[in-house]
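These notes concern the structure reproduced below.
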Protein chains: 2
Amino acid sequence: MTSHKYVYLFEEGAASMKSLLGGKGANLAEMTRIGLPVPPGFIVTTQTCNAYSANDQAMPEGADAQIETALRHLEQQTGKHLGDPANPLLVSVRSGAAVSMPGMMDTVLNLGMNDKTVEALANLTQNPRFAWDCYRRFIQMFCNVVLDLGLHEFETVFSGHKRRGGFKSDPEVPAEVLKQVVADYMKLTQRLSGKPFPQDPRTQLGLAIRAVFASWNNPRAIVYRKVHKIADALGTAVSVQSMAFGNMGDDSGTGVIFTRNPNTGVKEFYGEYLLNAQGEDVVAGIRTPHPIAQLRTELPEAYDQLFQTCELLEKHYTDMQDIEFTIEKKRLYMLQCRVGKRTAAAAVRIAVDLVSEGVINKEQAILRVDPVEIEKLLHRGIDPNAKVDVLATGLPASPGAASGRVSFDPDKAEKLKEEGHKVILLRHETTPDDIHGMVASEGVVTTRGGMTCHAAIVARGMGKPCIVGCDAIHIEEEHGVFHVGDRAIKEGEWISIDGATGRVILGAVPLVDAVLSPEFKELLAWADGMRRLGVRANADNPKDAQKAREFGAEGIGLCRTEHMFGQGGHHPERMAAVQKMILADNLEGRFAALDILRVMQEEDFRGILQAMAPYPVTIRLLDPPLHEFLPGQEDLAIQVAVAKATNNPAPEAEALLRKVRQLSEVNPMLGFRGVRLGVIYPEIYEMQVRAILAAAQELFAAGVDVHPEIMIPLVGHVTELKLMREMIAKIDADMQPRFKYHVGTMIELPRACVTADEIATEAEFFSFGTNDLTQTTFGYSRDDAEGKFLAQYVQQKVLAENPFVALDQQGVGKLVKMACELGRKTRPDIKLGICGEHGGEPSSIAFCHDAGLTYVSCSPFRVPVARLAAAQAAVRAGGQQATTSAV
Amino acid sequence: MTSHKYVYLFEEGAASMKSLLGGKGANLAEMTRIGLPVPPGFIVTTQTCNAYSANDQAMPEGADAQIETALRHLEQQTGKHLGDPANPLLVSVRSGAAVSMPGMMDTVLNLGMNDKTVEALANLTQNPRFAWDCYRRFIQMFCNVVLDLGLHEFETVFSGHKRRGGFKSDPEVPAEVLKQVVADYMKLTQRLSGKPFPQDPRTQLGLAIRAVFASWNNPRAIVYRKVHKIADALGTAVSVQSMAFGNMGDDSGTGVIFTRNPNTGVKEFYGEYLLNAQGEDVVAGIRTPHPIAQLRTELPEAYDQLFQTCELLEKHYTDMQDIEFTIEKKRLYMLQCRVGKRTAAAAVRIAVDLVSEGVINKEQAILRVDPVEIEKLLHRGIDPNAKVDVLATGLPASPGAASGRVSFDPDKAEKLKEEGHKVILLRHETTPDDIHGMVASEGVVTTRGGMTCHAAIVARGMGKPCIVGCDAIHIEEEHGVFHVGDRAIKEGEWISIDGATGRVILGAVPLVDAVLSPEFKELLAWADGMRRLGVRANADNPKDAQKAREFGAEGIGLCRTEHMFGQGGHHPERMAAVQKMILADNLEGRFAALDILRVMQEEDFRGILQAMAPYPVTIRLLDPPLHEFLPGQEDLAIQVAVAKATNNPAPEAEALLRKVRQLSEVNPMLGFRGVRLGVIYPEIYEMQVRAILAAAQELFAAGVDVHPEIMIPLVGHVTELKLMREMIAKIDADMQPRFKYHVGTMIELPRACVTADEIATEAEFFSFGTNDLTQTTFGYSRDDAEGKFLAQYVQQKVLAENPFVALDQQGVGKLVKMACELGRKTRPDIKLGICGEHGGEPSSIAFCHDAGLTYVSCSPFRVPVARLAAAQAAVRAGGQQATTSAV
């Protein structure tokens, strides 16, 4: 029978063994392996932890014996022995999972202390106070972590002694008093646990290792794993390491260091240290640590050694490191190293610099930067040096920062804006009726809603900061005030918001503009060289189109014409024409209204085609149901009923109500919209097609390289598309001069996916509308699901992710892939794009790459995100590809 | 160069060549082939017609020459010659497509007449009047059909002569006058067409053939093909046949005969004839034809020959025939034979009788009866002998007949019913709020809506007659009257309706009960022996369950518990409990309400499980969104607003409105319903599961063989189902004694289809909810689509069929098949059923057979339809299968 290996000496491990040894243990082993000064020790594996958990909290057979063997080896290496009253070995016992879970599990330091070894420590350090304080702290920590006794009663004992002795702070307490405290702790332990404090260090060690294993399943660790989507089956390893003491005098010390500046990414030593101190003292904040540069003068040899070690570590790990060290009597010890956390700006700078330094290649650099993070670099932010008074924190729904006078009402917001004020719109939630208020505002806060609620989506589309679900805020609209706890802020007062973090701040705080660093541009240029996916933007007007080009968009993937129809309150005069068209009693009236719209649309299309030339512009014909352009039925019905009840006849409202009722739908999402409008009322689509072709023709005649793509929404059956193509061909027949244009369709219905081979006979391109496709595939109305059950579904893990945020690859993705395959079977060169919200989400972009799509399209501010994510997908899928294909 | 064959002599063709020779031509050829007395002739093929149409109305090369050859052959056969002044050949020129299109295309009789042959005919028949009348009619027919001249002016000429001569009817007009008419016709032809009437019979023939070809594309033929879904590419053939004369004296005659009674199916000669007459005279109705039996005494030899020929033809074609014959001087000539049209009752009788007679086998018999038609045999009907005054005709949405007092309002209808009156509910359309009115009524008529509108579906489910989309009716509810044209019928007057034909009839007409004939039962018994698909019924109460068993259902495939929750107004006391549950502010209140419901549900389930034992009963847990159990938001909002405006505060309505608003949804179809309720409010499903298991347990303990199947609706992700199964397992844990039950899911979302392999890990059965699956796959809200665009989609042929009526096999069907395959991959013995409306529709049932489903489930009255359709599918798919598998 071969015995399983449960324990690894540091010299037996390596960085690659993270899943077995935990992150901390693997790095300690790695540092040992490459000859760095690491206090010796050993690691009990994550598998041991899992066996322990599975085995009803019992150590697997043989594990304890292996620990004993490793311990003997450690004693040999250090020349110290656990419990030796002359030269005792003290060890730290730390948890360490494969994935960092800071503060989530337990640690025991100075293990090995007892009534005898405390004296030895006093002798060896010539510092009895230190030795007794160590002992006191160890007992307290051990009782809490290992024996699960409450900290509170220990604190009470200690503070009693302090009070009676008149000591204001811990360091004032002398060794004699600490001895009494220890004596009292011993009694307390006996009383609380029914047993004496374990004096045998081997018993201490066995209990401590078991306690660390058990801490893997403490409630806060379980919650942390849920939140961060870490598998429960990973388990934690335990590192047992001989202690090094940074508090052995002024030639000792301890510190934390980053090999580069984690805020800016600049290549400089960044960190701090304290002389004559242990790690805890740096964290405790009683003494102010010194900047690391100062160490150079205080302990030049140790500094040089540290500096060289850092350089070596960074090269070895090919990334910026976060290091803990201790200096014991001028001798440097490395206690931990790991890849350092950093800001988005630093991540970009470090990745690019490491390439210049020859440490990594460009592909590696591309993979080093989180695409989601870089969106923050594109927006304004709160000045990091400003003092801020945070009122509340909500969900960071759209990045960027803004200040303005708070307004609860979109109409008021619009008025304030007109009067020259800056406004922040604060609402319970927003609806399409509020869009004019959002347009007028610098940013939006809602008290309800999730990351994909209306406010979030619209604000992201507009590139405005937005915070949603900020439920600490209570709006009392009728009193013109909102409350946060017991604070009241009046409507009209200044607030600031940080959409990147979700902070709502009192007052107007200084903002800083986004400046795209040269490194950022360079990184994106590399990304462009690697990605196969094209990147387009969703934009409805020349301004957004311009912004999209600045961010590197190679075309427009979705230009929604309903916004040009006045939806969202931008153009009241257009809305009037649209309503006239809908309410017309005869074809004549309808055509007159359409003529007005055609002239406006032609101008829109001219503007946007010009702005994007020579890139393609995909224009989607009218999609929403017509009743969305009319007043709400309930409001009208109330108006009419009240008018009747109060004897004030309102015949116009009654007539309008009749029409609204006639158009009203039980399920508008599945109603009379998209191509269904085009089939039943061909004159509307005809008008739009005329406007597109006329605009393109005029520009083409003027020498502009235009590429319009006409996109038919909501096609479910090939015949719908066929009819629309025939209509377009008829209009096109008398167009001169000839320019090239394409006709294609949104694929946003399951039926379109499963019959994509048929649809491709009529479509030159597919653009996956994954928002609607997600709605129909899941049978979720996004407007309803978010507030009713979806949040709970994600929380209860019914769904791993909100499918409106990250594309559901098992379900919706399967349909997308099927459509791609069927479409290509009919038309091998069919252009395949995606224009739903998912087009800017990295995991979805990776999916699009794998599915062989031609391009993704997303809101302008997400274009750089998409460029980077597309490059990462290409690199991950098998190395760089020479050029970006045509979009 | 091989010349194409455009022309076939009768003796060269056969019945199997229908697509080339047309139905009429192929049957004439077949009769010739088997030696029956058919006047000789030839056929110009449908391909010639197609070539003619494609070739811009020009005969393909060689066709005219082949016609000439065939004509010569015909002249040899008959010994007569076209245009021969002594013994002229006269021919009929008739159209005939592969599919019968009665009256849609043109025919020319007596072709070959001219100024000379008319004299020959007069001599040969010794009847100048007959000859000249023939000539007159020929000119008129030829000018109209071939030369496209208006009939009107010819009629004017003829009636002028009649008026001047004082003749009251055509037969009175003597030969001399007819000669003058012919002379005037000649002048008129010259004047109208600019050319003389063609005297050359060969010219006449060429023109006539071309005219028949052209008539394939006349407007009424095009419309007919659209309506009957006949392909435009079929084309028509032209039969040219020598004329036989039934008007050569009292030893001649003509008639039409069915080989069996087309109304009852009884094996008897059925038809009529006239002596000394041509076919036109039978149709014209001037003389009353005699019943065919009389011919036996008048012309016994011809009768015997006819009788034998009919017997022979029926055996030859193995089906009841519809025959046209002519007797010329005691000699019988067959002019046409085809499969005779028949009533549903006759179809059943004939099929079963033909099996007894050894003419066909049982499988053939099964295929002879249209499943849709037999539903009519299950319902009461209007007495066929009654005189009826039809007010209007709508769409026949649910078969059966009923009489009652007309009521426009469901509440009034209910009240009338309570007072002992019979009621017919007449509405613009119905909604779920009207169900109590439908329950109280004998039948329902709506002025709007299509075959799958709310009224249609609910009425079919209830087995009540229903007519929808009867737009000739104008309801003036405020005046208590409805109008049809200029007739006004008051509310409360008696009307009758015939749901099988869509007729709305004034007054109470006598009705006849459905009596299931022994033949009908025998046919269904055969069907049961052939089908592989099981047949279940959708039923929500013991009464419907009983009905379903009577019709042969082998279980319940869908028992909707929401009806038991009081939806539809059946149970106001339950509705009150449901509302209490929804409105409860705390869990206590909710549980109290649920307890009341649990007791009621347990009783429901006991009843239905008992009624169906030992068959399985699939019970679907609550499906609709909770707001469906509360009053409508708009009504409440109006109530509150009016109360405010008139200073009558209504705090209760306000509170209710708040809750209704909170629960309201933009797209309820895609909202918070089905298993989503089960996940978020587990207590509701728990209550239902407890009730099901308790009821089953009690029956099982009493020795009843119960098989409950718990069905979770609207599952889109396997985890939803997993959670529900865990919940059920917990409840089940303490159930004693043990009985077997199953847990499965509706498959009604595209995501469920594409992840069916995962879902099958938790599901013991799938039941395809093709109503919702059609809605989500197409992105059609049925409530909206029918009235907004779907009818036009079908009319404009965007869709071949309404997908809510016949399963869309290309799209929805593809997903169903995928789900079947994936489900079986995970769980090879998974039970697969369908419980949407499609479960009772024959083409969908055939699809279900092909997809390998286990059973279909439909409304009780459709159960026999499904049994027959399932057998047909099995026979078509490859012969009889020994036994019906378990359902």
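Naming scheme: A, B, ... for chains in displayed order of the structure tokens; residues 1 onward per chain; ligands 1 onward as shown.
Around Arg72 of chain B, within 12 Å and counting only C-alpha atoms, the residues found are Leu9, Pro40, Gly41, Phe42, Ala65, Gln66, Thr78, Gly79, Lys80, His81, Leu82, Leu89 and Arg202 of chain B, once anything fewer than 6 positions away on its own chain is removed.
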Generate a file of the selected residues that holds N, CA, C and O atoms, formatted as a PDB file, in the first residue's frame.
ATOM      1  N   LEU B   9     -53.346   9.757 -76.085  1.00  0.00           N
ATOM      2  CA  LEU B   9     -54.663   9.196 -76.357  1.00  0.00           C
ATOM      3  C   LEU B   9     -55.193   8.618 -75.056  1.00  0.00           C
ATOM      4  O   LEU B   9     -54.418   8.231 -74.172  1.00  0.00           O
ATOM      5  N   PRO B  40     -64.218   8.011 -77.249  1.00  0.00           N
ATOM      6  CA  PRO B  40     -62.779   8.164 -77.396  1.00  0.00           C
ATOM      7  C   PRO B  40     -62.345   9.634 -77.389  1.00  0.00           C
ATOM      8  O   PRO B  40     -63.143  10.533 -77.636  1.00  0.00           O
ATOM      9  N   GLY B  41     -61.040   9.835 -77.117  1.00  0.00           N
ATOM     10  CA  GLY B  41     -60.512  11.198 -77.064  1.00  0.00           C
ATOM     11  C   GLY B  41     -59.051  11.191 -76.732  1.00  0.00           C
ATOM     12  O   GLY B  41     -58.401  10.140 -76.715  1.00  0.00           O
ATOM     13  N   PHE B  42     -58.535  12.375 -76.466  1.00  0.00           N
ATOM     14  CA  PHE B  42     -57.109  12.480 -76.110  1.00  0.00           C
ATOM     15  C   PHE B  42     -56.942  13.645 -75.126  1.00  0.00           C
ATOM     16  O   PHE B  42     -57.868  14.443 -74.916  1.00  0.00           O
ATOM     17  N   ALA B  65     -48.753  19.822 -83.777  1.00  0.00           N
ATOM     18  CA  ALA B  65     -48.668  18.669 -84.678  1.00  0.00           C
ATOM     19  C   ALA B  65     -49.156  17.407 -83.987  1.00  0.00           C
ATOM     20  O   ALA B  65     -49.858  16.569 -84.577  1.00  0.00           O
ATOM     21  N   GLN B  66     -48.791  17.259 -82.699  1.00  0.00           N
ATOM     22  CA  GLN B  66     -49.226  16.067 -81.960  1.00  0.00           C
ATOM     23  C   GLN B  66     -50.745  16.073 -81.767  1.00  0.00           C
ATOM     24  O   GLN B  66     -51.399  15.025 -81.803  1.00  0.00           O
ATOM     25  N   THR B  78     -63.779   7.014 -84.431  1.00  0.00           N
ATOM     26  CA  THR B  78     -65.211   7.299 -84.420  1.00  0.00           C
ATOM     27  C   THR B  78     -65.826   7.158 -85.803  1.00  0.00           C
ATOM     28  O   THR B  78     -67.045   7.115 -85.944  1.00  0.00           O
ATOM     29  N   GLY B  79     -64.992   7.135 -86.824  1.00  0.00           N
ATOM     30  CA  GLY B  79     -65.522   7.124 -88.179  1.00  0.00           C
ATOM     31  C   GLY B  79     -66.146   8.454 -88.552  1.00  0.00           C
ATOM     32  O   GLY B  79     -66.807   8.587 -89.578  1.00  0.00           O
ATOM     33  N   LYS B  80     -65.998   9.452 -87.724  1.00  0.00           N
ATOM     34  CA  LYS B  80     -66.520  10.786 -88.013  1.00  0.00           C
ATOM     35  C   LYS B  80     -65.341  11.710 -88.227  1.00  0.00           C
ATOM     36  O   LYS B  80     -64.224  11.440 -87.771  1.00  0.00           O
ATOM     37  N   HIS B  81     -65.609  12.832 -88.912  1.00  0.00           N
ATOM     38  CA  HIS B  81     -64.527  13.779 -89.164  1.00  0.00           C
ATOM     39  C   HIS B  81     -64.946  15.170 -88.753  1.00  0.00           C
ATOM     40  O   HIS B  81     -66.090  15.565 -88.955  1.00  0.00           O
ATOM     41  N   LEU B  82     -63.999  15.858 -88.194  1.00  0.00           N
ATOM     42  CA  LEU B  82     -64.248  17.232 -87.767  1.00  0.00           C
ATOM     43  C   LEU B  82     -64.631  18.057 -88.990  1.00  0.00           C
ATOM     44  O   LEU B  82     -63.906  18.070 -89.995  1.00  0.00           O
ATOM     45  N   LEU B  89     -67.696  15.069 -86.650  1.00  0.00           N
ATOM     46  CA  LEU B  89     -67.231  14.783 -85.291  1.00  0.00           C
ATOM     47  C   LEU B  89     -67.417  16.047 -84.456  1.00  0.00           C
ATOM     48  O   LEU B  89     -66.990  17.131 -84.848  1.00  0.00           O
ATOM     49  N   ARG B 202     -60.968  23.060 -86.945  1.00  0.00           N
ATOM     50  CA  ARG B 202     -59.600  22.910 -86.457  1.00  0.00           C
ATOM     51  C   ARG B 202     -59.122  24.204 -85.809  1.00  0.00           C
ATOM     52  O   ARG B 202     -58.421  24.192 -84.797  1.00  0.00           O
TER      53      ARG B 202
END
Which neighbours of Leu693 of chain A fall inside 10 Å, counting only C-alpha atoms, when residues of the same chain fewer than 4 positions from it are skipped, and could you give them as a list in words?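 Contacts, with the query itself left out: Glu602, Phe605, Arg606, Gln688, Val689, Gln697, Glu698, Leu699, Pro708, Ile710, Ile728, Ile731, Asp732, Met735, Gln736, Phe739 and Tyr741 of chain A.
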Residues from the last selection, all heavy atoms, saved as a compact mmCIF listing (two decimals), in the first residue's frame:
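Written output follows (selection_20.txt):
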# COMPACT_ATOMS: atom_id res chain seq x y z
N GLU A 602 -33.41 61.20 -43.54
CA GLU A 602 -32.35 61.30 -44.54
C GLU A 602 -31.18 62.09 -43.98
O GLU A 602 -30.02 61.72 -44.16
CB GLU A 602 -32.92 61.97 -45.79
CG GLU A 602 -32.18 61.59 -47.05
CD GLU A 602 -32.83 62.21 -48.28
OE1 GLU A 602 -34.05 62.04 -48.46
OE2 GLU A 602 -32.10 62.87 -49.04
N PHE A 605 -29.25 59.98 -41.45
CA PHE A 605 -28.41 58.95 -42.07
C PHE A 605 -27.20 59.57 -42.76
O PHE A 605 -26.11 59.02 -42.72
CB PHE A 605 -29.24 58.11 -43.04
CG PHE A 605 -30.35 57.34 -42.37
CD1 PHE A 605 -31.62 57.26 -42.92
CD2 PHE A 605 -30.13 56.71 -41.15
CE1 PHE A 605 -32.64 56.55 -42.30
CE2 PHE A 605 -31.15 56.00 -40.51
CZ PHE A 605 -32.40 55.93 -41.09
N ARG A 606 -27.40 60.73 -43.37
CA ARG A 606 -26.29 61.41 -44.01
C ARG A 606 -25.21 61.66 -42.96
O ARG A 606 -24.03 61.39 -43.17
CB ARG A 606 -26.78 62.71 -44.64
CG ARG A 606 -26.02 63.11 -45.86
CD ARG A 606 -26.76 64.10 -46.74
NE ARG A 606 -27.69 64.94 -46.00
CZ ARG A 606 -28.95 65.17 -46.38
NH1 ARG A 606 -29.43 64.63 -47.48
NH2 ARG A 606 -29.73 65.93 -45.65
N GLN A 688 -38.18 54.54 -44.61
CA GLN A 688 -36.84 54.47 -44.03
C GLN A 688 -35.80 54.04 -45.07
O GLN A 688 -34.70 54.59 -45.11
CB GLN A 688 -36.85 53.49 -42.85
CG GLN A 688 -37.69 53.99 -41.68
CD GLN A 688 -37.35 53.25 -40.40
OE1 GLN A 688 -37.56 52.05 -40.30
NE2 GLN A 688 -36.82 53.97 -39.43
N VAL A 689 -36.17 53.06 -45.88
CA VAL A 689 -35.22 52.59 -46.89
C VAL A 689 -34.92 53.70 -47.90
O VAL A 689 -33.77 53.93 -48.28
CB VAL A 689 -35.78 51.34 -47.60
CG1 VAL A 689 -34.94 50.98 -48.82
CG2 VAL A 689 -35.84 50.17 -46.63
N GLN A 697 -26.63 57.64 -51.38
CA GLN A 697 -26.41 58.00 -52.78
C GLN A 697 -25.79 59.38 -52.89
O GLN A 697 -24.83 59.61 -53.63
CB GLN A 697 -27.75 57.97 -53.50
CG GLN A 697 -27.65 58.12 -54.98
CD GLN A 697 -29.03 58.26 -55.61
OE1 GLN A 697 -29.95 58.76 -54.96
NE2 GLN A 697 -29.16 57.82 -56.83
N GLU A 698 -26.33 60.30 -52.13
CA GLU A 698 -25.84 61.67 -52.19
C GLU A 698 -24.38 61.73 -51.77
O GLU A 698 -23.54 62.37 -52.43
CB GLU A 698 -26.70 62.56 -51.28
CG GLU A 698 -26.38 64.03 -51.45
CD GLU A 698 -27.11 64.87 -50.40
OE1 GLU A 698 -28.30 64.59 -50.17
OE2 GLU A 698 -26.47 65.77 -49.83
N LEU A 699 -24.04 61.03 -50.66
CA LEU A 699 -22.66 61.04 -50.18
C LEU A 699 -21.74 60.36 -51.19
O LEU A 699 -20.64 60.84 -51.48
CB LEU A 699 -22.58 60.31 -48.83
CG LEU A 699 -23.24 61.04 -47.65
CD1 LEU A 699 -23.29 60.13 -46.44
CD2 LEU A 699 -22.48 62.33 -47.32
N PRO A 708 -23.61 51.49 -46.26
CA PRO A 708 -24.80 51.24 -45.43
C PRO A 708 -25.17 49.76 -45.44
O PRO A 708 -25.00 49.07 -46.45
CB PRO A 708 -25.89 52.08 -46.10
CG PRO A 708 -25.44 52.23 -47.51
CD PRO A 708 -23.94 52.17 -47.52
N ILE A 710 -28.55 47.59 -44.36
CA ILE A 710 -29.94 47.70 -43.89
C ILE A 710 -30.28 46.45 -43.11
O ILE A 710 -30.16 45.34 -43.63
CB ILE A 710 -30.90 47.88 -45.08
CG1 ILE A 710 -30.53 49.16 -45.84
CG2 ILE A 710 -32.35 47.94 -44.59
CD1 ILE A 710 -31.32 49.36 -47.13
N ILE A 728 -37.11 46.50 -50.89
CA ILE A 728 -35.89 47.30 -51.01
C ILE A 728 -35.43 47.30 -52.47
O ILE A 728 -35.03 48.33 -53.00
CB ILE A 728 -34.80 46.75 -50.08
CG1 ILE A 728 -35.23 46.94 -48.61
CG2 ILE A 728 -33.46 47.45 -50.34
CD1 ILE A 728 -34.37 46.20 -47.61
N ILE A 731 -37.27 49.80 -54.54
CA ILE A 731 -36.86 51.19 -54.30
C ILE A 731 -35.50 51.44 -54.93
O ILE A 731 -35.22 52.48 -55.51
CB ILE A 731 -36.83 51.48 -52.79
CG1 ILE A 731 -38.25 51.43 -52.24
CG2 ILE A 731 -36.16 52.82 -52.50
CD1 ILE A 731 -38.33 51.48 -50.74
N ASP A 732 -34.64 50.43 -54.80
CA ASP A 732 -33.27 50.54 -55.29
C ASP A 732 -33.22 50.65 -56.80
O ASP A 732 -32.29 51.24 -57.35
CB ASP A 732 -32.50 49.30 -54.81
CG ASP A 732 -31.21 49.10 -55.56
OD1 ASP A 732 -30.38 50.02 -55.52
OD2 ASP A 732 -31.04 48.05 -56.18
N MET A 735 -32.18 53.89 -58.37
CA MET A 735 -31.14 54.66 -57.68
C MET A 735 -29.92 54.81 -58.59
O MET A 735 -29.40 53.83 -59.10
CB MET A 735 -30.70 53.91 -56.40
CG MET A 735 -31.71 54.01 -55.27
SD MET A 735 -31.52 55.57 -54.38
CE MET A 735 -33.08 55.60 -53.48
N GLN A 736 -29.45 56.02 -58.74
CA GLN A 736 -28.22 56.30 -59.50
C GLN A 736 -27.47 57.40 -58.79
O GLN A 736 -28.09 58.34 -58.32
CB GLN A 736 -28.53 56.72 -60.94
CG GLN A 736 -28.95 55.60 -61.86
CD GLN A 736 -27.88 54.58 -62.12
OE1 GLN A 736 -26.70 54.85 -61.88
NE2 GLN A 736 -28.27 53.38 -62.57
N PHE A 739 -24.08 52.50 -55.60
CA PHE A 739 -23.10 52.23 -54.54
C PHE A 739 -23.47 50.86 -53.97
O PHE A 739 -24.59 50.39 -54.17
CB PHE A 739 -23.17 53.31 -53.47
CG PHE A 739 -24.54 53.49 -52.92
CD1 PHE A 739 -24.95 52.76 -51.81
CD2 PHE A 739 -25.45 54.35 -53.53
CE1 PHE A 739 -26.24 52.88 -51.32
CE2 PHE A 739 -26.74 54.47 -53.03
CZ PHE A 739 -27.13 53.75 -51.93
N TYR A 741 -24.50 48.29 -51.10
CA TYR A 741 -25.08 48.22 -49.77
C TYR A 741 -25.49 46.77 -49.50
O TYR A 741 -25.54 45.96 -50.42
CB TYR A 741 -26.27 49.17 -49.62
CG TYR A 741 -27.48 48.78 -50.41
CD1 TYR A 741 -28.50 48.02 -49.84
CD2 TYR A 741 -27.61 49.15 -51.74
CE1 TYR A 741 -29.60 47.64 -50.58
CE2 TYR A 741 -28.70 48.78 -52.49
CZ TYR A 741 -29.70 48.03 -51.91
OH TYR A 741 -30.79 47.64 -52.63
Might you pull out every residue within 12 Å of Glu357 of chain A, with only C-alpha atoms counted and same-chain residues fewer than 6 positions away left off, and present them as a PyMOL selection string? chain A and resi 267+314-315+318-319+350-351+365
Output the selection as a compact mmCIF listing (two decimals), in the first residue's frame - all heavy atoms for each residue.
# COMPACT_ATOMS: atom_id res chain seq x y z
N LYS A 267 7.78 51.94 -12.40
CA LYS A 267 8.76 50.98 -11.89
C LYS A 267 9.55 51.63 -10.76
O LYS A 267 10.54 52.35 -10.98
CB LYS A 267 9.69 50.57 -13.03
CG LYS A 267 10.67 49.45 -12.68
CD LYS A 267 11.36 48.95 -13.94
CE LYS A 267 12.60 48.10 -13.66
NZ LYS A 267 12.40 47.00 -12.73
N GLU A 314 10.54 39.47 -9.44
CA GLU A 314 9.72 40.00 -10.52
C GLU A 314 10.08 39.31 -11.84
O GLU A 314 9.20 38.93 -12.60
CB GLU A 314 9.92 41.51 -10.64
CG GLU A 314 8.71 42.17 -11.24
CD GLU A 314 8.89 43.64 -11.46
OE1 GLU A 314 9.70 44.02 -12.34
OE2 GLU A 314 8.22 44.42 -10.77
N LYS A 315 11.38 39.15 -12.07
CA LYS A 315 11.81 38.46 -13.29
C LYS A 315 11.32 37.02 -13.26
O LYS A 315 10.85 36.48 -14.26
CB LYS A 315 13.34 38.48 -13.39
CG LYS A 315 13.87 39.81 -13.84
CD LYS A 315 14.86 39.65 -15.01
CE LYS A 315 15.21 41.01 -15.59
NZ LYS A 315 16.16 41.77 -14.70
N THR A 318 7.71 37.08 -13.59
CA THR A 318 7.37 37.94 -14.74
C THR A 318 6.17 38.84 -14.44
O THR A 318 5.40 39.17 -15.33
CB THR A 318 7.06 37.13 -16.03
OG1 THR A 318 5.78 36.51 -15.90
CG2 THR A 318 8.12 36.10 -16.32
N ASP A 319 6.07 39.24 -13.18
CA ASP A 319 5.01 40.22 -12.88
C ASP A 319 5.33 40.94 -11.59
O ASP A 319 6.16 40.48 -10.79
CB ASP A 319 3.65 39.51 -12.75
CG ASP A 319 2.49 40.49 -12.98
OD1 ASP A 319 2.75 41.71 -13.16
OD2 ASP A 319 1.34 40.03 -13.01
N ILE A 350 2.18 48.55 -16.26
CA ILE A 350 3.10 47.46 -15.92
C ILE A 350 3.19 46.47 -17.09
O ILE A 350 4.27 46.03 -17.47
CB ILE A 350 2.64 46.76 -14.63
CG1 ILE A 350 2.83 47.70 -13.43
CG2 ILE A 350 3.40 45.45 -14.41
CD1 ILE A 350 2.18 47.23 -12.14
N ALA A 351 2.04 46.15 -17.66
CA ALA A 351 2.05 45.17 -18.76
C ALA A 351 2.90 45.68 -19.91
O ALA A 351 3.72 44.94 -20.48
CB ALA A 351 0.62 44.89 -19.22
N ALA A 365 1.25 40.32 -22.24
CA ALA A 365 0.82 41.64 -21.76
C ALA A 365 -0.69 41.80 -21.94
O ALA A 365 -1.40 42.30 -21.06
CB ALA A 365 1.57 42.73 -22.51
For a test of reading the model, state the distance in Å between atom CA of Ala537 of chain A and atom CA of Arg824 of chain A, rounded to one decimal.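 Distance between the two atoms: 23.9 Å.
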